[in-house]
Amino acid sequence: MRLLTSSNWVTLVLVAGAITILFLLSGRFLTTPGDSEQSNTVTEQEWDALRTEGYRIGEEDAQVQVVLFADMDCPFSAEAYHYLMDELEQRDGKVALLYRHLTWIDESSRGFEAGQAAQCAAKQGDFFASFVNAAYTYRSIYESRNWIQLAERAGLEKRPFENCLSARRDSARVARDIQRAHDLGFMMTPTIVVQGNVYKGANALPAVGELITAQLE
């Protein structure tokens, strides 16, 4: 039997430590299909701020306001986004969705770059949702960070979109969303807030749908 030398033990401990750190970091923003959590509510003041921030899809005076903190890098955020967009379609203008970015704060990360690209899409009118939908649909294009091609799939004009991306003026907007989430203790994507009630994880979606129904009764 071969015994480990002291140097081997040191290497083993360092590798194990690195793996543990990577696991913990990756878990900050990603949820697994089995993860879900409902954490009471935000304060009335926090909700008043939340429901007026972010990119709104739907009517400002909709009866039910839903805030989605999501990461375009996260497949469970995609699931939540499509679920909530279906809710909007089925509720005849009575529900509105506010999309907020929650990804790695590093501006070089793919999720952060995608957030900036989505904000550039918003400058061309109602194309924010089209770009986000394209990002969640055309995954191979998204994963290659081909924002121009995604924008074209979303129906955007190429030249103004390119100019906006090059200027990188929207990084502060994305960073502000992330900081806002952290201030509220939101570290998991998706995190959904419905009329002040907080739900975390894709498995909470049925409960979100039930609450929306209850709010409309």
# chains A, B, ... in the order shown; residues from 1 in each chain; ligands from 1
>>> residues_around(residues="Gln124 (chain A)", least_positions_apart="5", cutoff="9 Å", atoms="only C-alpha atoms", output="list in words")
Leu156, Glu157, Pro160 and Phe161 of chain A
>>> write_last_selection(atoms="C-alpha atoms", output="PDB file, in the first residue's frame")
ATOM      1  CA  LEU A 156     -33.196  44.848 -32.822  1.00  0.00           C
ATOM      2  CA  GLU A 157     -31.422  47.310 -35.092  1.00  0.00           C
ATOM      3  CA  PRO A 160     -27.426  51.409 -32.361  1.00  0.00           C
ATOM      4  CA  PHE A 161     -27.212  48.197 -30.354  1.00  0.00           C
TER       5      PHE A 161
END
>>> residues_around(residues="Arg145 (chain A)", least_positions_apart="2", cutoff="10 Å", atoms="only C-alpha atoms", output="ChimeraX atom specification")
/A:110-111,113-114,135,139-143,147-150
>>> residues_around(residues="Cys120 (chain A)", least_positions_apart="4", cutoff="7 Å", atoms="only C-alpha atoms", output="number ranges by chain")
A: 116, 161, 164-165
>>> select_by_dssp(residues="region 55-163 of chain A", states="helix (DSSP H, G or I)", output="ChimeraX atom specification")
/A:75-90,110-122,128-137,139-143,147-153,158-163
>>> closest_atom_pairs(of="region 109-165 of chain A", to="region 75-92 of chain A", cutoff="9 Å", atoms="only C-alpha atoms", output="tab-separated table")
residue	atom	partner	partner_atom	distance
A:Val132	CA	A:Tyr81	CA	8.9
A:Asn133	CA	A:His82	CA	8.1
A:Ala135	CA	A:Ala78	CA	8.9
A:Tyr136	CA	A:Ala78	CA	5.7
A:Thr137	CA	A:Ala78	CA	8.5
>>> residues_around(residues="region 193-198 of chain A", least_positions_apart="3", cutoff="10 Å", atoms="only C-alpha atoms", output="MDAnalysis selection string")
chainID A and resid 37:48 50:51 63:69 97:98 186 190 204 208:209 211:212 215
>>> write_last_selection(atoms="N, CA and C atoms", output="short mmCIF file (atom, residue, chain, number, x, y, z; two decimals), in the first residue's frame")
data_model
loop_
_atom_site.label_atom_id
_atom_site.label_comp_id
_atom_site.auth_asym_id
_atom_site.auth_seq_id
_atom_site.Cartn_x
_atom_site.Cartn_y
_atom_site.Cartn_z
N GLU A 37 -37.65 28.09 -1.50
CA GLU A 37 -37.73 28.68 -0.17
C GLU A 37 -38.68 29.86 -0.20
N GLN A 38 -39.58 29.94 0.76
CA GLN A 38 -40.40 31.13 0.92
C GLN A 38 -39.95 31.81 2.19
N SER A 39 -39.60 33.08 2.10
CA SER A 39 -39.09 33.78 3.27
C SER A 39 -39.97 34.97 3.58
N ASN A 40 -41.09 34.75 4.20
CA ASN A 40 -41.95 35.80 4.69
C ASN A 40 -42.16 36.91 3.66
N THR A 41 -41.89 38.15 4.07
CA THR A 41 -42.15 39.28 3.19
C THR A 41 -41.06 40.33 3.34
N VAL A 42 -41.02 41.25 2.38
CA VAL A 42 -40.20 42.45 2.54
C VAL A 42 -41.06 43.49 3.26
N THR A 43 -40.45 44.52 3.76
CA THR A 43 -41.21 45.56 4.45
C THR A 43 -42.03 46.35 3.42
N GLU A 44 -43.01 47.08 3.92
CA GLU A 44 -43.85 47.89 3.02
C GLU A 44 -43.02 48.92 2.28
N GLN A 45 -42.05 49.50 2.96
CA GLN A 45 -41.18 50.49 2.32
C GLN A 45 -40.33 49.84 1.24
N GLU A 46 -39.79 48.65 1.52
CA GLU A 46 -38.98 47.95 0.53
C GLU A 46 -39.83 47.56 -0.68
N TRP A 47 -41.07 47.14 -0.43
CA TRP A 47 -41.93 46.75 -1.54
C TRP A 47 -42.30 47.97 -2.40
N ASP A 48 -42.56 49.11 -1.77
CA ASP A 48 -42.87 50.31 -2.52
C ASP A 48 -41.73 50.67 -3.47
N LEU A 50 -39.38 48.43 -4.60
CA LEU A 50 -39.20 47.34 -5.56
C LEU A 50 -40.16 47.43 -6.73
N ARG A 51 -41.41 47.77 -6.45
CA ARG A 51 -42.43 47.74 -7.50
C ARG A 51 -42.35 48.94 -8.44
N GLN A 63 -53.08 45.10 -11.39
CA GLN A 63 -53.55 44.76 -10.04
C GLN A 63 -52.49 44.02 -9.23
N VAL A 64 -51.72 43.17 -9.89
CA VAL A 64 -50.67 42.40 -9.22
C VAL A 64 -49.33 42.73 -9.85
N GLN A 65 -48.37 43.11 -9.01
CA GLN A 65 -47.02 43.42 -9.46
C GLN A 65 -46.09 42.30 -9.01
N VAL A 66 -45.31 41.79 -9.94
CA VAL A 66 -44.36 40.70 -9.66
C VAL A 66 -42.96 41.18 -10.01
N VAL A 67 -42.04 41.04 -9.07
CA VAL A 67 -40.64 41.40 -9.32
C VAL A 67 -39.83 40.11 -9.42
N LEU A 68 -39.10 39.97 -10.52
CA LEU A 68 -38.25 38.79 -10.74
C LEU A 68 -36.79 39.20 -10.74
N PHE A 69 -36.03 38.69 -9.77
CA PHE A 69 -34.57 38.82 -9.80
C PHE A 69 -34.03 37.57 -10.47
N LEU A 97 -44.88 42.39 -14.72
CA LEU A 97 -43.60 41.81 -14.30
C LEU A 97 -42.51 42.86 -14.36
N LEU A 98 -41.75 42.96 -13.29
CA LEU A 98 -40.57 43.83 -13.28
C LEU A 98 -39.34 42.94 -13.20
N PHE A 186 -31.14 38.65 -0.97
CA PHE A 186 -31.45 37.75 -2.07
C PHE A 186 -30.15 37.28 -2.71
N PRO A 190 -34.01 31.79 -9.36
CA PRO A 190 -34.73 33.05 -9.35
C PRO A 190 -35.23 33.40 -7.95
N ALA A 204 -40.75 27.04 -6.34
CA ALA A 204 -41.76 27.89 -5.71
C ALA A 204 -42.77 28.43 -6.72
N VAL A 208 -46.28 30.66 -6.36
CA VAL A 208 -46.37 32.02 -6.92
C VAL A 208 -47.67 32.15 -7.72
N GLY A 209 -47.95 31.14 -8.55
CA GLY A 209 -49.17 31.16 -9.35
C GLY A 209 -50.41 31.19 -8.48
N LEU A 211 -50.64 32.42 -5.44
CA LEU A 211 -50.76 33.72 -4.81
C LEU A 211 -51.31 34.75 -5.79
N ILE A 212 -50.85 34.69 -7.03
CA ILE A 212 -51.36 35.61 -8.06
C ILE A 212 -52.87 35.44 -8.21
N GLN A 215 -54.67 36.92 -5.26
CA GLN A 215 -54.66 38.39 -5.28
C GLN A 215 -55.70 38.96 -6.26
#
>>> atom_distance(atom1="CA of Asp61 (chain A)", atom2="CA of Phe127 (chain A)")
20.6 Å
>>> closest_residue(among="A:Val95, A:Ile105, A:Met72, A:Ala167", to="Leu216 (chain A)", atoms="only C-alpha atoms")
A:Val95
>>> closest_residue(among="A:Gly155, A:Glu162, A:Lys200, A:Gln179", to="Gly125 (chain A)", atoms="only C-alpha atoms")
A:Gly155
>>> atom_distance(atom1="CA of Gly115 (chain A)", atom2="CA of Val174 (chain A)")
6.1 Å
>>> residues_around(residues="Phe112 (chain A)", least_positions_apart="6", cutoff="10 Å", atoms="only C-alpha atoms", output="list in words")
Asp71, Met72, Asp73, His101, Leu102, Thr103, Trp104, Ile105, Asp106, Ala118, Ser171, Val174, Ala175 and Ile178 of chain A
>>> atom_distance(atom1="CA of Ala62 (chain A)", atom2="CA of Ala49 (chain A)")
16.1 Å
>>> select_by_dssp(residues="region 112-217 of chain A", states="strand (DSSP E or B)", output="PyMOL selection string")
chain A and resi 189+191-194+197-200
